[in-house]
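Below is one structure; the comments refer to it alone.
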Amino acid sequence: MASTHLRGRYVHILTFFAGVIARFIWWDIVLRRLGFRGWVRRNRTERLRREATRFRELAIGMGGVMIKVGQFLSSRLDVLPREVTDELANLQDEVPAEDFQAIRELAEVELGAPLAELFDRVEPVPLAAASLGQVHRARLGSDHDVGYRDVVIKVQRPGIAAIVETDLSALSRVGSWLMRYRPIRAHADVPALLREFSATLHEEIDYEHEATNAETFYRNFADDPTVQVPRVVRSLSTRRVLTLEDVSAIKITDYAAITDAGIDRAAVAERLVAVYLKQIFEDGFVHADPHPGNLFVTPLPGPAGEPVTWRLTFVDFGMMARVPDTVRDSLRELLIAVGTRDAGRVVKAYQMLDMLLPGADLAAIERAEAHVFDRYWGLSMSELRNIDVQEVREFAQQYRDLLLDMPFQVPQNLIYVVRTVAILSGMCTGLDPDVNLWQQIGPYARRAVQDEASSGVGHWLDEIGDAVLALLALPAQTSRALARAESSGLLVRDEHVGHELRSVSRAIDRLGDTVVVAGLLVAGSVLVSAGRIGVGAALLVVAGLALVRVLIAGARR
């Protein structure tokens with residue numbers, strides 16, 4: 001019976017995707033060649049949305065791997081049209097609950113004893129039911145002295161391993177079909193995407209792996225009282241059963257409850273961003289599934305009349321993104337580029353991250369980035385949402401060739417980070433429509449510039465960091481201003497005016513050189529006086545070399 005059910009799943013998946021491919025061939029190949037190109041182009045958006053809706057319904061109906069596929073596809077902005085990713089973005093992993101008797105039997109086999117012997121109680125109604133497993137609240141027996149009694153038990157759905165293998169096999173066959181079409185083959189490595197998805201999925205159904213993730217995340221925030229992470233009961237955890245401290249609280253999207261608890265929603269959004277910046281740029285270990293069921297706000301008891309204190313609480317560590325050191329260095333470069341509004345440096349960071357396809361028009365990308373900085377830097381999310389549609393159309397028209405080529409690719413080790421950032425953006429906007437992400441990027445950019453600083457010289461280096469950030473932004477902003485003047489048709493015909501402009505540009509260059517030298521000298525001196533002899537001496541040597549360069553350049557002028 002089980003094999004018949006699995007065979008039916010396999011055929012159902014193949015039939016669905018065969019229909020998608022057949023409709024694509026009819027519309028985008030046959031009708032185009034019959035002269036209906038304009039009609040095909042006009043209804044493309046609606047057709048893509050319909051296909052995404054069909055897949056969404058399939059995923060909800062079948063559960064299993066299909067919901068995970070939809071969530072994975074929603075993150076692939078680099079290979080799928082926006083109409084598809086938008087439709088799948090809110091696909092929640094919520095399915096009907098498994099019968100508790102089947103869950104109980106599996107848990108008792110895994111733990112080697114009846115649940116009644118291990119727990120004082122286990123609630124038969126699940127706290128949450130997902131495609132791969134479900135969660136039940138429980139209370140530990142008195143013989144488990146771990147410092148807490150209330151726990152949750154996460155148990156895999158019976159037979160889910162066989163369903164995973166069946167679904168992955170069907171998707172592999174679909175992938176081989178897609179790779180026969182040259183435009184798809186040229187734009188996306190479908191087998192590689194499936195391998196990545198398969199590896200992530202197998203990690204997610206290994207609860208021992210999730211337990212290790214939870215313990216790592218706990219250690220990363222052990223010294224941060226504003227973040228709570230559940231502790232793992234290792235003695236009651238196996239590959240298919242995971243027992244964790246119960247830390248359930250107010251869902252992060254329950255805005256009314258957060259406000260009623262006396263908690264400032266804007267402060268929650270701000271802390272959420274700060275915590276994720278730490279995960280990405282300091283830990284390199286990112287909670288990559290921040291949907292509302294996995295993030296809570298926990299009010300803490302305190303003295304009457306005092307402001308309410310609270311914590312951000314994370315659960316579910318099956319999907320984690322690891323950011324290697326080399327990628328983290330490149331992301332820091334991108335962070336500094338954004339913090340200083342340096343479009344050229346942004347492009348350099350894209351190259352370091354291997355995000356640009358061969359043949360990408362770097363000059364066009366830099367112009368587009370500069371336009372974005374000049375127009376949208378510093379705007380809150382509510383201001384960004386209220387931008388005139390006509391302005392967006394004008395931007396699209398101005399950079400039409402660039403947008404059509406879409407010369408970007410997201411490296412595999414950044415896929416889940418990108419997806420996480422996209423989810424967080426919407427979550428923070430819900431908490432505070434006026435949230436301004438730029439205000440938090442700036443301090444992190446400054447710390448990236450001065451990350452060698454010690455706490456003893458932090459004040460001086462904060463000042464130096466601010467000056468260096470302003471300095472780093474100045475040449476790029478000046479160059480963009482001159483470029484805009486040139487591109488808008490402003491021709492300097494008066495020789496004297498042209499000479500003055502060149503003098504101003506040279507003066508800015510000299511000012512930049514001088515401030516750099518001064519900054520290096522001050523930083524080196526402060527570090528030496530603080531006992532950081534090696535780093536301080538190195539900065540003083542660099543300052544001396546830079547000073548010689550400035551003097552020689554000045555003599556030539």
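Each chain of the structure tokens is named A, B, ... in the order shown, its residues numbered from 1; ligands are numbered from 1 in display order.
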
When DSSP works through the backbone of this structure, what residues of range 105-190 of chain A end up as alpha helix (DSSP H), shown as a PyMOL selection string? chain A and resi 105-111+115-118+160-178+182-187+190

Just want the 12 Å neighbourhood of range 418-426 of chain A, counted on only C-alpha atoms, with same-chain residues fewer than 6 positions away dropped. Output as number ranges by chain. A: 71-78, 85-86, 89-91, 252-253, 268-277, 279-280, 286-292, 295, 319-321, 323, 331, 380-382, 385, 409-412, 432-437

Residues of range 56-91 of chain A at most 12 Å from range 170-186 of chain A: nearest atom pair and distance in Å, only C-alpha atoms, as JSON lines:
{"residue": "A:Val65", "atom": "CA", "partner": "A:Leu171", "partner_atom": "CA", "distance": 10.0}
{"residue": "A:Met66", "atom": "CA", "partner": "A:Leu171", "partner_atom": "CA", "distance": 9.7}
{"residue": "A:Val69", "atom": "CA", "partner": "A:Leu171", "partner_atom": "CA", "distance": 9.5}
{"residue": "A:Val79", "atom": "CA", "partner": "A:Ile184", "partner_atom": "CA", "distance": 9.1}
{"residue": "A:Leu80", "atom": "CA", "partner": "A:Ile184", "partner_atom": "CA", "distance": 10.5}

Work out how far apart CA of Gly344 in chain A and CA of Tyr376 in chain A are and give it in Å to one decimal.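 According to the coordinates, CA of Gly344 in chain A and CA of Tyr376 in chain A are separated by 17.0 Å.
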
Taking the chain letters and numbering used in this document, name the residues of range 98-183 of chain A that DSSP puts in strand (DSSP E or B), as an MDAnalysis selection string. chainID A and resid 119:122 128:129 133:140 150:156

Gap from CA of Gly8 in chain A to CA of Ala102 in chain A - Å, one decimal: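 Spanning CA of Gly8 in chain A to CA of Ala102 in chain A is a straight-line distance of 22.2 Å.
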
For Glu46 in chain A, please output as a ChimeraX atom specification all residues within 12 Å (counting only C-alpha atoms; exclusion window: fewer than 3 positions along the same chain). /A:39-43,49-53,81-84,87

Restricting the output to C-alpha atoms, write the selected residues as an mmCIF file, in the first residue's frame.
data_model
loop_
_atom_site.group_PDB
_atom_site.id
_atom_site.type_symbol
_atom_site.label_atom_id
_atom_site.label_comp_id
_atom_site.auth_asym_id
_atom_site.auth_seq_id
_atom_site.Cartn_x
_atom_site.Cartn_y
_atom_site.Cartn_z
ATOM 1 C CA TRP A 39 -0.292 38.949 -27.273
ATOM 2 C CA VAL A 40 2.038 36.465 -25.566
ATOM 3 C CA ARG A 41 4.075 39.315 -24.077
ATOM 4 C CA ARG A 42 1.021 41.197 -22.785
ATOM 5 C CA ASN A 43 -0.433 38.269 -20.832
ATOM 6 C CA ARG A 49 1.076 34.186 -11.664
ATOM 7 C CA ARG A 50 -1.409 31.432 -12.574
ATOM 8 C CA GLU A 51 1.362 28.836 -12.792
ATOM 9 C CA ALA A 52 2.709 29.901 -9.399
ATOM 10 C CA THR A 53 -0.796 29.678 -7.923
ATOM 11 C CA PRO A 81 10.460 35.821 -12.509
ATOM 12 C CA ARG A 82 9.225 38.129 -9.766
ATOM 13 C CA GLU A 83 5.619 37.097 -10.403
ATOM 14 C CA VAL A 84 6.494 33.534 -9.334
ATOM 15 C CA GLU A 87 3.243 34.310 -5.200
#

May I ask for the distance between CA of Val164 in chain A and CA of Val125 in chain A, given in Å to one decimal place? 24.9 Å

Could you check the closest approach to Lys251 in chain A for each of A:Phe314, A:Tyr207, A:Phe296, A:Phe197 and tell me which residue wins, using only C-alpha atoms?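 Among A:Phe314, A:Tyr207, A:Phe296, A:Phe197, it is A:Phe296 that comes nearest to Lys251 in chain A.
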
I want to know what sits within 12 Å of Gln101 in chain A, based on only C-alpha atoms, with residues of the same chain fewer than 6 positions away left out; could you give that as a PyMOL selection string? chain A and resi 107-108+115+122-125+157-158

Choose the residue, out of A:Pro126, A:Gly302, A:Gly318, A:Gly430, that has the smallest atom-to-atom separation from Asn213 in chain A; count only C-alpha atoms.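 Comparing A:Pro126, A:Gly302, A:Gly318, A:Gly430 against Asn213 in chain A, the winner is A:Gly318.
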
For range 110-114 of chain A, work out the shell of residues within 7 Å, counting only C-alpha atoms and skipping chain neighbours fewer than 3 positions away, then give it as a ChimeraX atom specification. /A:106-107,117-118,236,238,241

Calculated over only C-alpha atoms, which of the candidates A:Leu193, A:Ile160, A:Ala266, A:Leu431 has the smallest distance to Ile415 in chain A? A:Leu193
